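Asker: Below you'll find the structure I mean.
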Amino acid sequence: MDAALLNTLRQRLSEREARLRDEIREHRERLLEADAADNNSFIAGNEGAMADAGDALEIARLAHAQHELDLVAQALLRLDAGRYGACQRCGRPVGEARLRASPEARLCLACQQLVDRVRSGR
């Protein structure tokens with residue numbers, strides 16, 4: 001993989017990392033606001049149930065953003081270590097098109113499909 005492409009992918013990963021950090025901060029702030037509302041004695045009955053569902057959704061969004069951030073951070077570490085672009089399962093190239101589409105990809109398409117089949121039980 002040439003240096004220009006690596007620089008482009010590093011830039012995209014770094015920008016995604018910054019966006020995810022902002023998104024995580026916003027989710028945490030909303031949860032803190034929700035905690036303040038949940039502790040309000042005026043919220044009861046259906047309003048309290050709605051706040052709980054809203055909290056659960058916010059927590060799920062936070063967990064998803066954190067997972068994505070972890071993948072991006074791992075990709076940046078692989079870049080720094082000179083291991084970026086190699087499948088972590090078989091060692092073959094992940095593929096330029098796959099990395100352009102998903103710069104945090106850690107598996108080649110064949111290995112990703114295998115992992116997906118195993119997870120789905122097929």
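Convention: chains lettered A, B, ... in structure tokens order; per-chain residue numbering from 1; ligands numbered from 1 as shown.
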Neighbours of region 54-71 of chain A within 8 Å (only C-alpha atoms; same-chain residues fewer than 3 positions away dropped), as a list in words?

Answerer: Glu17, Leu20, Arg21, Glu23, Ile24, His27, Arg28, Arg30, Leu31, Ala34, Met50, Ala51, Gln74, Ala75 and Glu104 of chain A

Asker: Leaving out Gly91 (chain A) and any residue of its chain fewer than 4 positions from it, which residues lie within 12 Å of it when counting only C-alpha atoms, given as a list in words?

Answerer: Arg83, Tyr84, Gly85, Ala86, Cys87, Gly95, Arg106, Leu107, Cys108, Ala110 and Cys111 of chain A

Asker: Extract, using only C-alpha atoms, all DNA, RNA and protein residues at most 10 Å from Val72 (chain A), discarding same-chain residues fewer than 6 positions from it, and format them as a list of chain:residue names.

Answerer: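 Skipping anything fewer than 6 positions along the chain leaves A:Arg10, A:Arg12, A:Leu13, A:Ser14, A:Glu15, A:Arg16, A:Glu17, A:Leu20, A:Gln66, A:Arg78, A:Ser102, A:Pro103, A:Glu104, A:Ala105.
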
Asker: Just N, CA and C atoms for this one: save the residues we selected as a PDB file, in the first residue's frame.

Answerer:
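What landed in result01.pdb:
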```pdb
ATOM      1  N   ARG A  10      -5.124   7.287   7.352  1.00  0.00           N
ATOM      2  CA  ARG A  10      -4.808   7.771   8.702  1.00  0.00           C
ATOM      3  C   ARG A  10      -5.620   9.031   9.011  1.00  0.00           C
ATOM      4  N   ARG A  12      -8.518   9.947   7.702  1.00  0.00           N
ATOM      5  CA  ARG A  12      -9.922   9.572   7.893  1.00  0.00           C
ATOM      6  C   ARG A  12     -10.139   8.942   9.265  1.00  0.00           C
ATOM      7  N   LEU A  13      -9.217   8.064   9.668  1.00  0.00           N
ATOM      8  CA  LEU A  13      -9.338   7.437  10.985  1.00  0.00           C
ATOM      9  C   LEU A  13      -9.231   8.469  12.102  1.00  0.00           C
ATOM     10  N   SER A  14      -8.305   9.399  11.970  1.00  0.00           N
ATOM     11  CA  SER A  14      -8.125  10.443  12.997  1.00  0.00           C
ATOM     12  C   SER A  14      -9.356  11.338  13.090  1.00  0.00           C
ATOM     13  N   GLU A  15      -9.931  11.683  11.945  1.00  0.00           N
ATOM     14  CA  GLU A  15     -11.148  12.505  11.945  1.00  0.00           C
ATOM     15  C   GLU A  15     -12.311  11.739  12.568  1.00  0.00           C
ATOM     16  N   ARG A  16     -12.421  10.448  12.245  1.00  0.00           N
ATOM     17  CA  ARG A  16     -13.482   9.617  12.820  1.00  0.00           C
ATOM     18  C   ARG A  16     -13.293   9.494  14.326  1.00  0.00           C
ATOM     19  N   GLU A  17     -12.047   9.351  14.766  1.00  0.00           N
ATOM     20  CA  GLU A  17     -11.754   9.264  16.189  1.00  0.00           C
ATOM     21  C   GLU A  17     -12.229  10.523  16.912  1.00  0.00           C
ATOM     22  N   LEU A  20     -16.061  10.585  17.041  1.00  0.00           N
ATOM     23  CA  LEU A  20     -16.583   9.621  18.013  1.00  0.00           C
ATOM     24  C   LEU A  20     -16.364  10.096  19.442  1.00  0.00           C
ATOM     25  N   GLN A  66     -18.623   3.821  21.604  1.00  0.00           N
ATOM     26  CA  GLN A  66     -17.388   3.396  22.269  1.00  0.00           C
ATOM     27  C   GLN A  66     -16.754   2.224  21.537  1.00  0.00           C
ATOM     28  N   ARG A  78      -2.374  -0.158  14.651  1.00  0.00           N
ATOM     29  CA  ARG A  78      -1.808  -1.017  13.605  1.00  0.00           C
ATOM     30  C   ARG A  78      -1.036  -0.187  12.586  1.00  0.00           C
ATOM     31  N   SER A 102     -14.013   0.966   4.728  1.00  0.00           N
ATOM     32  CA  SER A 102     -14.044   0.809   6.179  1.00  0.00           C
ATOM     33  C   SER A 102     -12.607   0.792   6.690  1.00  0.00           C
ATOM     34  N   PRO A 103     -12.010   1.973   6.900  1.00  0.00           N
ATOM     35  CA  PRO A 103     -10.591   2.041   7.258  1.00  0.00           C
ATOM     36  C   PRO A 103     -10.220   1.307   8.546  1.00  0.00           C
ATOM     37  N   GLU A 104     -11.199   1.007   9.394  1.00  0.00           N
ATOM     38  CA  GLU A 104     -10.900   0.300  10.637  1.00  0.00           C
ATOM     39  C   GLU A 104     -10.953  -1.221  10.462  1.00  0.00           C
ATOM     40  N   ALA A 105     -11.246  -1.698   9.251  1.00  0.00           N
ATOM     41  CA  ALA A 105     -11.358  -3.147   9.010  1.00  0.00           C
ATOM     42  C   ALA A 105     -10.079  -3.858   9.425  1.00  0.00           C
TER      43      ALA A 105
END
```

Asker: Could you give me the residues within chain A that DSSP places in alpha helix (DSSP H), as a ChimeraX atom specification?

Answerer: /A:3-38,46-81,96-101,109-120
